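> Here's a structure for you.
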Amino acid sequence: MHVLRLNTILFVTGSLLWYLAAGLILYVLIAPVTVESGSRDPVRRPVLRDEKKKTELPPIAEFAAVWHIPLQRPVFDPPPPPPPTVIKPDPPKLKAQLMATAVDRGEPTAMFKIPSGKYVTLKSGETFENDPGTARIIKIEGKQVTIQFDGFEEQITISMGK
């Protein structure tokens with residue numbers, strides 16, 4: 001069914017092209033050709049001074065300023081230099097050691113061995129001496145404690161041994 005349709009379309013298209021070609025040939029052979037017969041002399045007019053001035057080039061001295069300009073420049077700007085590296089100071093060492101965490105009356109607590117050798121039990125928000133300075137407990141979660149010391153925050157976990 002589809003092949004029959006395709007053949008019909010191709011036949012109609014081919015026939016139209018042949019009819020157009022035959023019609024074009026008949027038109028060329030039968031149509032009257034008119035040739036204008038009247039020779040005209042070309043119009044000649046004098047050259048105006050303004051036109052002559054337009055074709056004159058400026059003196060070479062005017063180009064001297066352009067000779068030393070680098071005309072082959074990159075199309076885009078070079079990338080900016082990288083920013084200087086900022087050296088961050090090492091965070092201070094926490095000398096206290098986390099020994100244990102527990103829940104006391106519904107509030108989490110942490111037991112530390114501080115540099116003086118004593119054991120202290122502290123809650124969130126409390127501070128202790130760290131030799132030098134003081135450290136503050138920010139948060140106690142499970143076996144991890146977040147401590148703020150000298151502007152740095154550090155997370156420590158329960159350490160075994162020593």
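Every chain in the structure tokens takes a letter, A first, then B, and so on in the order presented; its residues are numbered from 1, and the ligands are numbered from 1 following the presented order.
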Find the residues near Glu126 in chain A: any atom within 7 Å, counting only C-alpha atoms, skip ones fewer than 4 places away on the same chain, and give them as an MDAnalysis selection string.

chainID A and resid 122 136:137

> Name the residues of chain A that come out as strand (DSSP E or B) in a backbone DSSP run; write them as a ChimeraX atom specification.

/A:97-104,107-113,119-123,127-129,134-141,144-149,152-157

> Which residue is closest to Pro89 in chain A? Choose from A:Trp18, A:Ala61, A:Ile138, A:Asp150 and count only C-alpha atoms.

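Comparing A:Trp18, A:Ala61, A:Ile138, A:Asp150 against Pro89 in chain A, the winner is A:Asp150.
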
> As a ChimeraX atom specification, please: the residues near Leu94 in chain A (cut-off 10 Å, only C-alpha atoms, same-chain neighbours under 2 positions excluded).

/A:91-92,96-97,114-115,130-132,134-135,147-150,154,156

> Between CA of Lys123 in chain A and CA of Ala100 in chain A, what is the spacing in Å?

12.2 Å

> One decimal, Å: what's the distance from CA of Pro79 in chain A over to CA of Val66 in chain A, could you say?

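The value is 27.5 Å.
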
> Please give the complete set of residues from range 44-108 of chain A that DSSP, run on the backbone, assigns to helix (DSSP H, G or I), formatted as an MDAnalysis selection string.

chainID A and resid 49:55 60:67

> Go ahead and save the picked residues with all heavy atoms, as a tab-separated table (two decimals), in the first residue's frame.


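Saved the output as again.tsv:
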chain	number	residue	atom	x	y	z
A	49	ARG	N	36.84	68.35	-7.88
A	49	ARG	CA	37.98	68.42	-6.97
A	49	ARG	C	37.70	67.71	-5.64
A	49	ARG	O	38.59	67.17	-5.02
A	49	ARG	CB	38.36	69.87	-6.70
A	49	ARG	CG	38.95	70.51	-7.91
A	49	ARG	CD	39.45	71.88	-7.60
A	49	ARG	NE	40.01	72.45	-8.81
A	49	ARG	CZ	40.66	73.56	-8.85
A	49	ARG	NH1	40.84	74.25	-7.75
A	49	ARG	NH2	41.14	74.01	-9.97
A	50	ASP	N	36.45	67.69	-5.18
A	50	ASP	CA	36.13	67.02	-3.91
A	50	ASP	C	36.40	65.53	-4.00
A	50	ASP	O	36.87	64.92	-3.06
A	50	ASP	CB	34.65	67.25	-3.55
A	50	ASP	CG	34.39	68.70	-3.19
A	50	ASP	OD1	35.37	69.40	-2.82
A	50	ASP	OD2	33.22	69.12	-3.27
A	51	GLU	N	36.10	64.94	-5.15
A	51	GLU	CA	36.34	63.51	-5.32
A	51	GLU	C	37.83	63.21	-5.31
A	51	GLU	O	38.26	62.20	-4.80
A	51	GLU	CB	35.70	63.02	-6.61
A	51	GLU	CG	34.20	62.99	-6.57
A	51	GLU	CD	33.61	62.50	-7.88
A	51	GLU	OE1	34.37	62.00	-8.73
A	51	GLU	OE2	32.40	62.63	-8.06
A	52	LYS	N	38.60	64.11	-5.87
A	52	LYS	CA	40.05	63.92	-5.91
A	52	LYS	C	40.63	64.01	-4.50
A	52	LYS	O	41.52	63.25	-4.14
A	52	LYS	CB	40.69	64.94	-6.83
A	52	LYS	CG	42.14	64.67	-7.11
A	52	LYS	CD	42.69	65.66	-8.11
A	52	LYS	CE	44.14	65.34	-8.42
A	52	LYS	NZ	44.72	66.30	-9.33
A	53	LYS	N	40.13	64.91	-3.70
A	53	LYS	CA	40.61	65.06	-2.33
A	53	LYS	C	40.30	63.83	-1.49
A	53	LYS	O	41.04	63.48	-0.59
A	53	LYS	CB	40.01	66.30	-1.68
A	53	LYS	CG	40.65	67.58	-2.13
A	53	LYS	CD	40.09	68.75	-1.36
A	53	LYS	CE	40.72	70.04	-1.83
A	53	LYS	NZ	40.17	71.20	-1.14
A	54	LYS	N	39.21	63.17	-1.77
A	54	LYS	CA	38.84	61.99	-1.00
A	54	LYS	C	39.82	60.84	-1.21
A	54	LYS	O	40.01	60.02	-0.35
A	54	LYS	CB	37.43	61.53	-1.37
A	54	LYS	CG	36.35	62.43	-0.85
A	54	LYS	CD	34.99	61.89	-1.24
A	54	LYS	CE	33.90	62.84	-0.80
A	54	LYS	NZ	32.58	62.41	-1.23
A	55	THR	N	40.43	60.78	-2.35
A	55	THR	CA	41.35	59.68	-2.62
A	55	THR	C	42.77	59.98	-2.17
A	55	THR	O	43.61	59.11	-2.20
A	55	THR	CB	41.35	59.36	-4.12
A	55	THR	OG1	41.75	60.52	-4.85
A	55	THR	CG2	39.99	58.89	-4.58
A	60	ILE	N	52.67	60.84	5.66
A	60	ILE	CA	53.16	59.69	6.43
A	60	ILE	C	53.48	60.06	7.87
A	60	ILE	O	53.43	59.21	8.75
A	60	ILE	CB	54.37	59.08	5.70
A	60	ILE	CG1	54.10	57.61	5.57
A	60	ILE	CG2	55.65	59.18	6.48
A	60	ILE	CD1	54.74	56.89	4.53
A	61	ALA	N	53.76	61.29	8.13
A	61	ALA	CA	54.09	61.72	9.50
A	61	ALA	C	52.90	61.51	10.45
A	61	ALA	O	53.09	61.31	11.65
A	61	ALA	CB	54.51	63.19	9.49
A	62	GLU	N	51.69	61.54	9.93
A	62	GLU	CA	50.52	61.32	10.79
A	62	GLU	C	50.43	59.88	11.27
A	62	GLU	O	49.80	59.59	12.28
A	62	GLU	CB	49.24	61.70	10.04
A	62	GLU	CG	49.09	63.19	9.83
A	62	GLU	CD	47.75	63.54	9.20
A	62	GLU	OE1	46.79	62.76	9.37
A	62	GLU	OE2	47.69	64.57	8.54
A	63	PHE	N	51.03	58.93	10.57
A	63	PHE	CA	51.00	57.53	10.98
A	63	PHE	C	52.08	57.20	12.01
A	63	PHE	O	52.08	56.13	12.60
A	63	PHE	CB	51.16	56.61	9.77
A	63	PHE	CG	50.00	56.67	8.82
A	63	PHE	CD1	50.11	57.32	7.60
A	63	PHE	CD2	48.80	56.08	9.17
A	63	PHE	CE1	49.04	57.36	6.73
A	63	PHE	CE2	47.73	56.11	8.30
A	63	PHE	CZ	47.84	56.76	7.08
A	64	ALA	N	53.04	58.10	12.22
A	64	ALA	CA	54.16	57.83	13.11
A	64	ALA	C	53.69	57.56	14.54
A	64	ALA	O	54.30	56.76	15.26
A	64	ALA	CB	55.14	59.00	13.10
A	65	ALA	N	52.62	58.19	14.97
A	65	ALA	CA	52.13	57.98	16.34
A	65	ALA	C	51.57	56.57	16.53
A	65	ALA	O	51.58	56.03	17.62
A	65	ALA	CB	51.06	59.01	16.67
A	66	VAL	N	51.10	55.95	15.47
A	66	VAL	CA	50.47	54.64	15.56
A	66	VAL	C	51.49	53.50	15.43
A	66	VAL	O	51.25	52.39	15.87
A	66	VAL	CB	49.38	54.51	14.46
A	66	VAL	CG1	48.66	53.19	14.55
A	66	VAL	CG2	48.41	55.65	14.56
A	67	TRP	N	52.65	53.77	14.88
A	67	TRP	CA	53.62	52.71	14.61
A	67	TRP	C	54.06	51.96	15.85
A	67	TRP	O	54.30	50.77	15.82
A	67	TRP	CB	54.86	53.28	13.91
A	67	TRP	CG	54.61	53.68	12.49
A	67	TRP	CD1	53.60	53.27	11.70
A	67	TRP	CD2	55.40	54.57	11.72
A	67	TRP	NE1	53.67	53.84	10.48
A	67	TRP	CE2	54.80	54.66	10.45
A	67	TRP	CE3	56.55	55.31	11.95
A	67	TRP	CZ2	55.30	55.44	9.43
A	67	TRP	CZ3	57.05	56.07	10.93
A	67	TRP	CH2	56.44	56.14	9.69

> Can you work out which one of A:Asp104, A:Asp90, A:Asp77, A:Glu141 has the shortest atom-to-atom distance to Thr121 in chain A, counting only C-alpha atoms?

A:Asp104

> Figure out the distance between CA of Gly133 in chain A and CA of Gly117 in chain A, please, to one decimal in Å.

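Interatomic distance here is 16.1 Å.
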